[in-house]
file upload_14.cif (mmCIF, C-alpha atoms)
data_coords
#
loop_
_atom_site.group_PDB
_atom_site.id
_atom_site.type_symbol
_atom_site.label_atom_id
_atom_site.label_comp_id
_atom_site.auth_asym_id
_atom_site.auth_seq_id
_atom_site.Cartn_x
_atom_site.Cartn_y
_atom_site.Cartn_z
ATOM 1 C CA MET C 1289 -81.246 -80.167 85.472
ATOM 2 C CA SER C 1290 -80.144 -77.215 87.634
ATOM 3 C CA PHE C 1291 -76.931 -79.063 88.592
ATOM 4 C CA LEU C 1292 -75.760 -78.599 84.980
ATOM 5 C CA ARG C 1293 -76.023 -74.810 85.095
ATOM 6 C CA GLU C 1294 -72.749 -72.901 84.970
ATOM 7 C CA PRO C 1295 -72.236 -71.751 88.608
ATOM 8 C CA ARG C 1296 -70.439 -68.549 87.619
ATOM 9 C CA LEU C 1297 -73.648 -67.282 86.003
ATOM 10 C CA GLN C 1298 -75.798 -67.807 89.089
ATOM 11 C CA GLY C 1299 -77.252 -64.463 90.180
ATOM 12 C CA ILE C 1300 -75.855 -62.638 87.145
ATOM 13 C CA THR C 1301 -78.349 -60.636 85.084
ATOM 14 C CA VAL C 1302 -78.699 -62.182 81.631
ATOM 15 C CA GLY C 1303 -77.417 -59.759 78.993
ATOM 16 C CA SER C 1304 -75.423 -57.624 81.431
ATOM 17 C CA PRO C 1305 -71.752 -56.728 80.852
ATOM 18 C CA ASP C 1306 -70.788 -59.165 83.640
ATOM 19 C CA PHE C 1307 -72.819 -61.936 81.987
ATOM 20 C CA PHE C 1308 -71.055 -61.494 78.674
ATOM 21 C CA GLN C 1309 -67.634 -61.189 80.302
ATOM 22 C CA ILE C 1310 -68.125 -64.569 81.973
ATOM 23 C CA GLN C 1311 -69.214 -66.116 78.680
ATOM 24 C CA ASN C 1312 -66.188 -64.617 76.954
ATOM 25 C CA ASP C 1313 -63.993 -66.178 79.627
ATOM 26 C CA LEU C 1314 -65.686 -69.575 79.241
ATOM 27 C CA ILE C 1315 -65.021 -69.543 75.490
ATOM 28 C CA ALA C 1316 -61.356 -68.793 76.134
ATOM 29 C CA LYS C 1317 -60.777 -71.382 78.866
ATOM 30 C CA ARG C 1318 -62.891 -74.402 77.866
ATOM 31 C CA PRO C 1319 -60.840 -76.330 75.286
ATOM 32 C CA ALA C 1320 -63.749 -78.038 73.514
ATOM 33 C CA LEU C 1321 -65.813 -74.844 73.440
ATOM 34 C CA HIS C 1322 -62.814 -72.814 72.290
ATOM 35 C CA HIS C 1323 -62.342 -75.294 69.436
ATOM 36 C CA CYS C 1324 -65.940 -74.772 68.289
ATOM 37 C CA TYR C 1325 -65.661 -70.992 68.361
ATOM 38 C CA GLU C 1326 -62.322 -71.178 66.594
ATOM 39 C CA VAL C 1327 -64.010 -73.115 63.773
ATOM 40 C CA TRP C 1328 -66.928 -70.684 63.751
ATOM 41 C CA TYR C 1329 -64.794 -67.552 63.635
ATOM 42 C CA ARG C 1330 -62.419 -68.883 60.989
ATOM 43 C CA THR C 1331 -65.434 -69.862 58.903
ATOM 44 C CA LEU C 1332 -67.009 -66.408 59.225
ATOM 45 C CA LEU C 1333 -63.805 -64.656 58.172
ATOM 46 C CA ASP C 1334 -62.814 -67.044 55.379
ATOM 47 C CA ASP C 1335 -64.119 -64.976 52.495
ATOM 48 C CA PRO C 1336 -62.406 -62.810 49.831
ATOM 49 C CA VAL C 1337 -64.471 -59.827 50.979
ATOM 50 C CA VAL C 1338 -62.533 -60.058 54.254
ATOM 51 C CA THR C 1339 -59.175 -61.544 53.265
ATOM 52 C CA GLY C 1340 -58.824 -59.320 50.196
ATOM 53 C CA ALA C 1341 -60.559 -56.241 51.587
ATOM 54 C CA PRO C 1342 -59.392 -52.765 50.551
ATOM 55 C CA PRO C 1343 -57.843 -50.519 53.234
ATOM 56 C CA ASN C 1344 -61.107 -48.636 53.757
ATOM 57 C CA ALA C 1345 -63.212 -51.769 54.311
ATOM 58 C CA ARG C 1346 -65.511 -51.797 57.330
ATOM 59 C CA PHE C 1347 -66.948 -54.914 58.977
ATOM 60 C CA LEU C 1348 -69.736 -54.935 61.568
ATOM 61 C CA GLU C 1349 -70.501 -57.646 64.090
ATOM 62 C CA LEU C 1350 -74.072 -57.578 65.362
ATOM 63 C CA GLY C 1351 -74.980 -58.792 68.846
ATOM 64 C CA SER C 1352 -71.358 -59.053 69.910
ATOM 65 C CA GLY C 1353 -72.167 -59.871 73.561
ATOM 66 C CA GLY C 1354 -69.496 -62.286 74.754
ATOM 67 C CA SER C 1355 -67.996 -62.703 71.282
ATOM 68 C CA ARG C 1356 -64.237 -62.845 70.729
ATOM 69 C CA LEU C 1357 -64.427 -62.286 66.958
ATOM 70 C CA LYS C 1358 -62.622 -58.933 67.076
ATOM 71 C CA GLU C 1359 -59.569 -60.739 68.465
ATOM 72 C CA TYR C 1360 -59.359 -62.488 65.083
ATOM 73 C CA ASP C 1361 -59.679 -59.293 63.027
ATOM 74 C CA ALA C 1362 -59.178 -55.922 64.707
ATOM 75 C CA ARG C 1363 -60.958 -54.126 61.843
ATOM 76 C CA ILE C 1364 -64.324 -55.414 63.048
ATOM 77 C CA ILE C 1365 -66.710 -52.919 64.665
ATOM 78 C CA THR C 1366 -68.506 -54.671 67.526
ATOM 79 C CA SER C 1367 -72.086 -53.798 68.414
ATOM 80 C CA ASP C 1368 -74.941 -54.838 70.672
ATOM 81 C CA VAL C 1369 -78.438 -53.635 71.534
ATOM 82 C CA SER C 1370 -77.352 -52.923 75.129
ATOM 83 C CA PRO C 1371 -74.919 -50.160 76.119
ATOM 84 C CA GLY C 1372 -71.577 -50.790 77.762
ATOM 85 C CA ILE C 1373 -70.898 -54.054 75.921
ATOM 86 C CA ALA C 1374 -69.429 -53.215 72.518
ATOM 87 C CA ASP C 1375 -68.064 -50.412 70.327
ATOM 88 C CA MET C 1376 -71.566 -49.298 69.299
ATOM 89 C CA VAL C 1377 -75.197 -49.715 70.293
ATOM 90 C CA VAL C 1378 -76.942 -50.985 67.146
ATOM 91 C CA ASP C 1379 -80.394 -52.356 66.392
ATOM 92 C CA ALA C 1380 -80.136 -54.765 63.447
ATOM 93 C CA ARG C 1381 -83.433 -53.462 62.060
ATOM 94 C CA ARG C 1382 -82.097 -49.894 61.810
ATOM 95 C CA LEU C 1383 -78.413 -49.938 60.942
ATOM 96 C CA PRO C 1384 -76.837 -46.489 61.525
ATOM 97 C CA PHE C 1385 -74.617 -46.602 58.427
ATOM 98 C CA PRO C 1386 -74.829 -44.959 54.991
ATOM 99 C CA ASP C 1387 -75.790 -46.893 51.893
ATOM 100 C CA GLN C 1388 -73.067 -49.216 50.576
ATOM 101 C CA SER C 1389 -70.671 -48.446 53.436
ATOM 102 C CA LEU C 1390 -70.012 -51.905 54.938
ATOM 103 C CA HIS C 1391 -68.197 -54.852 53.380
ATOM 104 C CA ALA C 1392 -69.474 -57.523 55.757
ATOM 105 C CA LEU C 1393 -71.938 -58.221 58.552
ATOM 106 C CA PHE C 1394 -71.248 -61.011 61.063
ATOM 107 C CA LEU C 1395 -73.761 -62.640 63.407
ATOM 108 C CA THR C 1396 -73.111 -65.443 65.908
ATOM 109 C CA HIS C 1397 -76.269 -66.721 67.624
ATOM 110 C CA VAL C 1398 -77.943 -63.416 66.754
ATOM 111 C CA PHE C 1399 -80.263 -63.885 63.752
ATOM 112 C CA HIS C 1400 -82.852 -65.770 65.834
ATOM 113 C CA HIS C 1401 -82.986 -62.844 68.305
ATOM 114 C CA ILE C 1402 -84.019 -60.284 65.654
ATOM 115 C CA PRO C 1403 -87.809 -59.817 65.966
ATOM 116 C CA ASP C 1404 -88.156 -58.615 62.350
ATOM 117 C CA VAL C 1405 -85.603 -60.407 60.175
ATOM 118 C CA GLY C 1406 -87.233 -59.077 57.008
ATOM 119 C CA GLY C 1407 -86.379 -55.576 58.200
ATOM 120 C CA PHE C 1408 -82.835 -56.651 58.999
ATOM 121 C CA LEU C 1409 -82.311 -58.222 55.564
ATOM 122 C CA ARG C 1410 -83.529 -55.039 53.854
ATOM 123 C CA GLU C 1411 -81.194 -52.929 55.984
ATOM 124 C CA ALA C 1412 -78.309 -55.314 55.340
ATOM 125 C CA GLU C 1413 -78.789 -55.050 51.600
ATOM 126 C CA ARG C 1414 -78.868 -51.256 51.878
ATOM 127 C CA VAL C 1415 -75.641 -50.845 53.847
ATOM 128 C CA LEU C 1416 -73.541 -53.535 52.138
ATOM 129 C CA VAL C 1417 -71.323 -52.744 49.192
ATOM 130 C CA PRO C 1418 -72.035 -54.758 46.008
ATOM 131 C CA GLY C 1419 -70.679 -58.236 46.651
ATOM 132 C CA GLY C 1420 -70.799 -57.641 50.403
ATOM 133 C CA LEU C 1421 -71.153 -60.535 52.827
ATOM 134 C CA ILE C 1422 -73.564 -61.603 55.549
ATOM 135 C CA GLY C 1423 -72.033 -64.456 57.521
ATOM 136 C CA MET C 1424 -73.879 -66.082 60.390
ATOM 137 C CA ILE C 1425 -73.567 -68.965 62.823
ATOM 138 C CA GLU C 1426 -77.035 -70.136 63.716
ATOM 139 C CA VAL C 1427 -79.025 -72.861 65.438
ATOM 140 C CA ALA C 1428 -79.607 -75.776 63.070
ATOM 141 C CA ALA C 1429 -82.802 -77.801 62.690
ATOM 142 C CA THR C 1430 -81.455 -81.342 62.498
ATOM 143 C CA PRO C 1431 -83.515 -83.977 64.334
ATOM 144 C CA PHE C 1432 -81.210 -83.865 67.361
ATOM 145 C CA ALA C 1433 -81.060 -80.036 67.368
ATOM 146 C CA ARG C 1434 -84.860 -79.858 67.387
ATOM 147 C CA PHE C 1435 -84.982 -82.210 70.368
ATOM 148 C CA PHE C 1436 -82.125 -80.508 72.231
ATOM 149 C CA PHE C 1437 -83.227 -76.902 71.824
ATOM 150 C CA ARG C 1438 -86.858 -77.691 72.580
ATOM 151 C CA HIS C 1439 -86.115 -79.577 75.815
ATOM 152 C CA PHE C 1440 -82.752 -78.368 77.153
ATOM 153 C CA HIS C 1441 -82.533 -74.694 76.255
ATOM 154 C CA PRO C 1442 -84.410 -71.746 77.810
ATOM 155 C CA GLU C 1443 -85.071 -69.979 74.500
ATOM 156 C CA PRO C 1444 -87.976 -71.198 72.332
ATOM 157 C CA PHE C 1445 -87.540 -73.308 69.214
ATOM 158 C CA SER C 1446 -90.780 -72.768 67.242
ATOM 159 C CA PRO C 1447 -90.605 -74.025 63.635
ATOM 160 C CA ASP C 1448 -94.283 -73.292 62.940
ATOM 161 C CA LEU C 1449 -94.099 -69.521 63.437
ATOM 162 C CA ASP C 1450 -93.629 -66.700 60.923
ATOM 163 C CA TRP C 1451 -90.567 -64.460 60.453
ATOM 164 C CA SER C 1452 -91.392 -62.057 63.286
ATOM 165 C CA PHE C 1453 -92.249 -62.302 66.973
ATOM 166 C CA ALA C 1454 -93.001 -60.019 69.904
ATOM 167 C CA GLN C 1455 -89.966 -59.026 71.931
ATOM 168 C CA GLN C 1456 -89.545 -57.397 75.317
ATOM 169 C CA ASP C 1457 -86.373 -59.184 76.429
ATOM 170 C CA SER C 1458 -83.726 -59.116 73.688
ATOM 171 C CA MET C 1459 -81.956 -62.137 75.182
ATOM 172 C CA MET C 1460 -84.850 -64.518 75.855
ATOM 173 C CA ASP C 1461 -87.613 -63.474 73.422
ATOM 174 C CA SER C 1462 -86.417 -65.227 70.284
ATOM 175 C CA ASN C 1463 -87.068 -68.149 67.961
ATOM 176 C CA GLN C 1464 -84.145 -70.521 67.523
ATOM 177 C CA ALA C 1465 -85.825 -72.091 64.474
ATOM 178 C CA LEU C 1466 -85.732 -68.793 62.587
ATOM 179 C CA SER C 1467 -82.800 -69.457 60.254
ATOM 180 C CA TRP C 1468 -84.372 -72.765 59.211
ATOM 181 C CA ILE C 1469 -87.720 -71.035 58.667
ATOM 182 C CA VAL C 1470 -86.256 -68.308 56.425
ATOM 183 C CA PHE C 1471 -83.603 -70.254 54.513
ATOM 184 C CA GLU C 1472 -85.258 -73.683 54.296
ATOM 185 C CA ARG C 1473 -88.991 -73.721 54.906
ATOM 186 C CA ASP C 1474 -89.665 -70.298 53.325
ATOM 187 C CA TYR C 1475 -86.729 -70.173 50.928
ATOM 188 C CA ALA C 1476 -88.981 -69.260 47.966
ATOM 189 C CA ARG C 1477 -90.314 -66.318 49.983
ATOM 190 C CA PHE C 1478 -86.758 -65.236 50.842
ATOM 191 C CA GLN C 1479 -85.840 -65.241 47.153
ATOM 192 C CA ARG C 1480 -89.000 -63.327 46.229
ATOM 193 C CA GLU C 1481 -88.761 -60.657 48.930
ATOM 194 C CA HIS C 1482 -84.964 -60.209 48.896
ATOM 195 C CA PRO C 1483 -83.808 -60.732 45.314
ATOM 196 C CA GLY C 1484 -80.707 -58.616 45.929
ATOM 197 C CA LEU C 1485 -79.353 -61.182 48.390
ATOM 198 C CA LYS C 1486 -78.138 -64.606 47.302
ATOM 199 C CA LEU C 1487 -77.856 -67.590 49.606
ATOM 200 C CA GLU C 1488 -74.408 -68.912 48.720
ATOM 201 C CA GLU C 1489 -73.701 -71.551 51.319
ATOM 202 C CA LYS C 1490 -75.070 -73.533 54.240
ATOM 203 C CA HIS C 1491 -73.053 -76.169 56.038
ATOM 204 C CA TRP C 1492 -73.091 -78.013 59.350
ATOM 205 C CA LEU C 1493 -70.669 -77.247 62.166
ATOM 206 C CA PRO C 1494 -69.048 -79.410 64.894
ATOM 207 C CA TRP C 1495 -71.584 -80.506 67.493
ATOM 208 C CA LEU C 1496 -70.137 -83.107 69.865
ATOM 209 C CA PRO C 1497 -67.435 -80.849 71.403
ATOM 210 C CA TYR C 1498 -70.002 -78.070 71.842
ATOM 211 C CA LEU C 1499 -72.563 -80.344 73.471
ATOM 212 C CA LEU C 1500 -70.116 -81.888 75.954
ATOM 213 C CA SER C 1501 -68.392 -78.575 76.712
ATOM 214 C CA GLY C 1502 -71.580 -77.174 78.236
ATOM 215 C CA GLY C 1503 -71.633 -74.271 75.800
ATOM 216 C CA VAL C 1504 -71.723 -70.854 77.461
ATOM 217 C CA THR C 1505 -74.504 -71.541 79.973
ATOM 218 C CA ARG C 1506 -73.880 -75.030 81.416
ATOM 219 C CA ARG C 1507 -71.118 -76.852 83.263
ATOM 220 C CA ASP C 1508 -68.198 -78.302 81.354
ATOM 221 C CA VAL C 1509 -68.279 -82.073 81.960
ATOM 222 C CA LEU C 1510 -65.237 -82.921 79.841
ATOM 223 C CA PRO C 1511 -61.877 -83.818 81.382
ATOM 224 C CA ARG C 1512 -59.282 -81.855 79.426
ATOM 225 C CA ALA C 1513 -57.319 -85.003 78.644
ATOM 226 C CA ILE C 1514 -60.058 -86.419 76.419
ATOM 227 C CA VAL C 1515 -60.927 -83.220 74.523
ATOM 228 C CA PRO C 1516 -58.636 -84.065 71.560
ATOM 229 C CA ALA C 1517 -60.330 -87.474 71.270
ATOM 230 C CA ILE C 1518 -63.785 -85.861 71.334
ATOM 231 C CA ILE C 1519 -62.772 -83.427 68.584
ATOM 232 C CA ALA C 1520 -61.323 -86.266 66.505
ATOM 233 C CA THR C 1521 -64.478 -88.346 67.005
ATOM 234 C CA ASP C 1522 -66.641 -85.454 65.877
ATOM 235 C CA LYS C 1523 -64.568 -85.057 62.694
ATOM 236 C CA ALA C 1524 -64.659 -88.810 62.006
ATOM 237 C CA LEU C 1525 -68.441 -88.832 62.335
ATOM 238 C CA ASP C 1526 -69.071 -85.856 60.042
ATOM 239 C CA GLY C 1527 -71.448 -88.039 58.033
ATOM 240 C CA LEU C 1528 -73.807 -87.802 60.990
ATOM 241 C CA TYR C 1529 -73.887 -84.001 60.964
ATOM 242 C CA PRO C 1530 -77.249 -83.860 59.070
ATOM 243 C CA PHE C 1531 -78.800 -85.728 62.001
ATOM 244 C CA PHE C 1532 -76.923 -84.341 65.019
ATOM 245 C CA ALA C 1533 -75.401 -80.925 64.211
ATOM 246 C CA LEU C 1534 -76.556 -78.186 66.586
ATOM 247 C CA HIS C 1535 -75.380 -75.247 64.451
ATOM 248 C CA TRP C 1536 -74.816 -74.333 60.852
ATOM 249 C CA PHE C 1537 -73.025 -71.630 58.908
ATOM 250 C CA ILE C 1538 -75.004 -69.485 56.461
ATOM 251 C CA ARG C 1539 -73.430 -67.145 53.900
ATOM 252 C CA LEU C 1540 -75.448 -64.520 52.011
ATOM 253 C CA ARG C 1541 -74.028 -62.259 49.313
ATOM 254 C CA LYS C 1542 -75.336 -58.952 48.045
ATOM 255 C CA ALA C 1543 -75.638 -58.865 44.253
ATOM 256 C CA ARG C 1544 -72.705 -57.177 42.539
ATOM 257 C CA GLY C 1545 -74.755 -55.316 40.007
#

call {"tool": "encode", "arguments": {"input": "upload_14.cif", "output": "C-alpha cells"}}
result
Amino acid sequence: MSFLREPRLQGITVGSPDFFQIQNDLIAKRPALHHCYEVWYRTLLDDPVVTGAPPNARFLELGSGGSRLKEYDARIITSDVSPGIADMVVDARRLPFPDQSLHALFLTHVFHHIPDVGGFLREAERVLVPGGLIGMIEVAATPFARFFFRHFHPEPFSPDLDWSFAQQDSMMDSNQALSWIVFERDYARFQREHPGLKLEEKHWLPWLPYLLSGGVTRRDVLPRAIVPAIIATDKALDGLYPFFALHWFIRLRKARG
C-alpha cells in the first residue's frame, strides 16, 4: 500500500519539526481533513472552563506536534516531548506546573502515546484547578476502527494489554486501543484509582471525511468538488458511528470539592 503514502513525508524523520510542519500544512489544505480537525478543535474548546475562563486561566496542549489548536485560542500553551516544536518541552507524566495552576489540558492523538497513563492522570488531577477539564480526541474501538488501525496503520492497536507499555520511540511505541482500555474495558479501575476525576462525556466523531482524506500520513484521494457531499453523507449516516467511527471525544472533569 506504499502508493497511498503521502509523498511529502517520504524521507522525513517522523517526529521532526519538518514532519510536523508538513502535517500542519496538510490539515490546513485538505478540505475533508480540515473539516474533521475543525470539528475536533471546536469540540475540545466548547466548555465553560474555556469559554467562561477568568483572565488568569492557563490551558495546556500536550503533544502539540502538527496541531493547529492554538490558532483557535491564543491562550493555549503548546507542548511536546521533543524540542523545537512547541512553546514548551513537557512530559505528560511529569507536568512542570504548580498544583491547581491549569484550567484545562488538551490532547489530540496523544493519550495512546503516553507509556504510563496512570501517572499522567495523577499529574493532571494535581495541576488542574477544581472543575478543570481534560479534553481528548482519541482512536475509537468500533468494529471498523479495530480493523482499520490493526491493518492499515503503523502504530499498534492492542486491546488486550494493560495501561502501560515500553517506549523508546515516542511517535511509534504506543497503543491505539488505550483510551478504550482505560475508559471502557477498565472503567471500574479508572473510577477506583482516580476518584478525583469524573468521566463526563464520550461521543463519536466524523469518520468518512477523515478516512477518504488520507489523514496526515496518506494521500488525499478526494476530488475537492465532492468533499461537501462526503461531509453531508457522513452527517446523514451518524447512526452508523458506533460501527464505523475512527475517533471519539472524551471529556474528564476534576472534582470541584

call {"tool": "residues_near_point", "arguments": {"input": "upload_14.cif", "point": "(-68.2, -60.5, 50.6)", "cutoff": "7 Å", "atoms": "all atoms listed in the file", "output": "list in words"}}
result
Asp1335, Pro1336, Val1337, Val1338, His1391, Ala1392, Gly1419, Gly1420, Leu1421 and Arg1541 of chain C

call {"tool": "closest_residue", "arguments": {"input": "upload_14.cif", "among": "C:Arg1346, C:Arg1318, C:His1535, C:His1397", "to": "Leu1510 (chain C)", "atoms": "only C-alpha atoms"}}
result
C:Arg1318

call {"tool": "resolve_selection", "arguments": {"input": "upload_14.cif", "expression": "the PyMOL selection byres ((chain C and resi 1478) around 12)", "output": "list in words"}}
result
Val1405, Gly1406, Leu1409, Arg1410, Trp1451, Ser1467, Trp1468, Ile1469, Val1470, Phe1471, Glu1472, Arg1473, Asp1474, Tyr1475, Ala1476, Arg1477, Gln1479, Arg1480, Glu1481, His1482, Pro1483, Gly1484, Leu1485, Lys1486, Leu1487 and Leu1540 of chain C

call {"tool": "residues_around", "arguments": {"input": "upload_14.cif", "residues": "Leu1314 (chain C)", "least_positions_apart": "2", "cutoff": "12 Å", "atoms": "all atoms listed in the file", "output": "ChimeraX atom specification"}}
result
/C:1294-1297,1307-1312,1316-1323,1325,1354-1356,1501-1508

call {"tool": "resolve_selection", "arguments": {"input": "upload_14.cif", "expression": "the PyMOL selection byres ((chain C and resi 1443) around 7)", "output": "list of chain:residue names"}}
result
C:His1441, C:Pro1442, C:Pro1444, C:Phe1445, C:Met1460, C:Ser1462

call {"tool": "resolve_selection", "arguments": {"input": "upload_14.cif", "expression": "the PyMOL selection byres ((chain C and resi 1394) around 9)", "output": "list in words"}}
result
Leu1332, Leu1333, Phe1347, Leu1348, Glu1349, Leu1350, Gly1351, Ala1392, Leu1393, Leu1395, Thr1396, Leu1421, Ile1422, Gly1423, Met1424 and Ile1425 of chain C

call {"tool": "atom_distance", "arguments": {"input": "upload_14.cif", "atom1": "CA of Ile1518 (chain C)", "atom2": "CA of Tyr1498 (chain C)"}}
result
10.0 Å

call {"tool": "atom_distance", "arguments": {"input": "upload_14.cif", "atom1": "CA of Ala1345 (chain C)", "atom2": "CA of Leu1390 (chain C)"}}
result
6.8 Å

call {"tool": "residues_around", "arguments": {"input": "upload_14.cif", "residues": "Ala1433 (chain C)", "least_positions_apart": "5", "cutoff": "9 Å", "atoms": "only C-alpha atoms", "output": "ChimeraX atom specification"}}
result
/C:1427-1428,1438,1531-1535

call {"tool": "atom_distance", "arguments": {"input": "upload_14.cif", "atom1": "CA of Arg1382 (chain C)", "atom2": "CA of Glu1411 (chain C)"}}
result
6.6 Å

call {"tool": "residues_around", "arguments": {"input": "upload_14.cif", "residues": "region 1384-1386 of chain C", "least_positions_apart": "6", "cutoff": "10 Å", "atoms": "only C-alpha atoms", "output": "ChimeraX atom specification"}}
result
/C:1376-1378,1411-1412,1414-1416

call {"tool": "write_last_selection", "arguments": {"input": "upload_14.cif", "atoms": "C-alpha atoms", "output": "PDB file, in the coordinates of the input"}}
result
ATOM      1  CA  MET C1376     -71.566 -49.298  69.299  1.00  0.00           C
ATOM      2  CA  VAL C1377     -75.197 -49.715  70.293  1.00  0.00           C
ATOM      3  CA  VAL C1378     -76.942 -50.985  67.146  1.00  0.00           C
ATOM      4  CA  GLU C1411     -81.194 -52.929  55.984  1.00  0.00           C
ATOM      5  CA  ALA C1412     -78.309 -55.314  55.340  1.00  0.00           C
ATOM      6  CA  ARG C1414     -78.868 -51.256  51.878  1.00  0.00           C
ATOM      7  CA  VAL C1415     -75.641 -50.845  53.847  1.00  0.00           C
ATOM      8  CA  LEU C1416     -73.541 -53.535  52.138  1.00  0.00           C
TER       9      LEU C1416
END

call {"tool": "closest_residue", "arguments": {"input": "upload_14.cif", "among": "C:Leu1493, C:Arg1544, C:Tyr1529, C:Glu1359", "to": "Val1417 (chain C)", "atoms": "only C-alpha atoms"}}
result
C:Arg1544

call {"tool": "closest_residue", "arguments": {"input": "upload_14.cif", "among": "C:Ala1429, C:Val1398, C:Leu1357, C:Leu1500", "to": "Ile1514 (chain C)", "atoms": "all atoms listed in the file"}}
result
C:Leu1500

call {"tool": "residues_around", "arguments": {"input": "upload_14.cif", "residues": "Ser1446 (chain C)", "least_positions_apart": "3", "cutoff": "8 Å", "atoms": "all atoms listed in the file", "output": "list in words"}}
result
Leu1449, Asn1463, Gln1464, Ala1465 and Leu1466 of chain C

call {"tool": "closest_residue", "arguments": {"input": "upload_14.cif", "among": "C:Ile1402, C:Ala1374, C:Ile1364, C:Ile1519", "to": "Ser1352 (chain C)", "atoms": "all atoms listed in the file"}}
result
C:Ala1374

call {"tool": "decode", "arguments": {"input": "upload_14.cif", "residues": "region 1493-1504 of chain C", "atoms": "N, CA and C atoms", "output": "mmCIF file, in the first residue's frame"}}
result
data_model
loop_
_atom_site.group_PDB
_atom_site.id
_atom_site.type_symbol
_atom_site.label_atom_id
_atom_site.label_comp_id
_atom_site.auth_asym_id
_atom_site.auth_seq_id
_atom_site.Cartn_x
_atom_site.Cartn_y
_atom_site.Cartn_z
ATOM 1 N N LEU C 1493 -16.949 10.767 16.545
ATOM 2 C CA LEU C 1493 -16.603 11.896 15.696
ATOM 3 C C LEU C 1493 -16.658 11.492 14.220
ATOM 4 N N PRO C 1494 -16.767 12.466 13.304
ATOM 5 C CA PRO C 1494 -16.862 12.145 11.873
ATOM 6 C C PRO C 1494 -15.731 11.229 11.411
ATOM 7 N N TRP C 1495 -16.084 10.260 10.592
ATOM 8 C CA TRP C 1495 -15.086 9.261 10.166
ATOM 9 C C TRP C 1495 -14.876 9.210 8.652
ATOM 10 N N LEU C 1496 -15.957 9.338 7.881
ATOM 11 C CA LEU C 1496 -15.818 9.167 6.432
ATOM 12 C C LEU C 1496 -14.927 10.241 5.796
ATOM 13 N N PRO C 1497 -15.092 11.530 6.145
ATOM 14 C CA PRO C 1497 -14.176 12.534 5.574
ATOM 15 C C PRO C 1497 -12.718 12.283 5.963
ATOM 16 N N TYR C 1498 -12.498 11.849 7.211
ATOM 17 C CA TYR C 1498 -11.130 11.582 7.653
ATOM 18 C C TYR C 1498 -10.529 10.431 6.865
ATOM 19 N N LEU C 1499 -11.279 9.349 6.738
ATOM 20 C CA LEU C 1499 -10.781 8.166 6.044
ATOM 21 C C LEU C 1499 -10.401 8.491 4.600
ATOM 22 N N LEU C 1500 -11.286 9.174 3.875
ATOM 23 C CA LEU C 1500 -11.050 9.447 2.462
ATOM 24 C C LEU C 1500 -10.054 10.577 2.233
ATOM 25 N N SER C 1501 -9.835 11.403 3.254
ATOM 26 C CA SER C 1501 -8.864 12.498 3.115
ATOM 27 C C SER C 1501 -7.422 12.005 3.149
ATOM 28 N N GLY C 1502 -7.215 10.796 3.657
ATOM 29 C CA GLY C 1502 -5.853 10.289 3.824
ATOM 30 C C GLY C 1502 -5.238 10.634 5.164
ATOM 31 N N GLY C 1503 -5.974 11.374 5.995
ATOM 32 C CA GLY C 1503 -5.421 11.753 7.293
ATOM 33 C C GLY C 1503 -4.173 12.603 7.121
ATOM 34 N N VAL C 1504 -3.205 12.417 8.006
ATOM 35 C CA VAL C 1504 -1.973 13.215 7.940
ATOM 36 C C VAL C 1504 -0.768 12.382 7.524
#
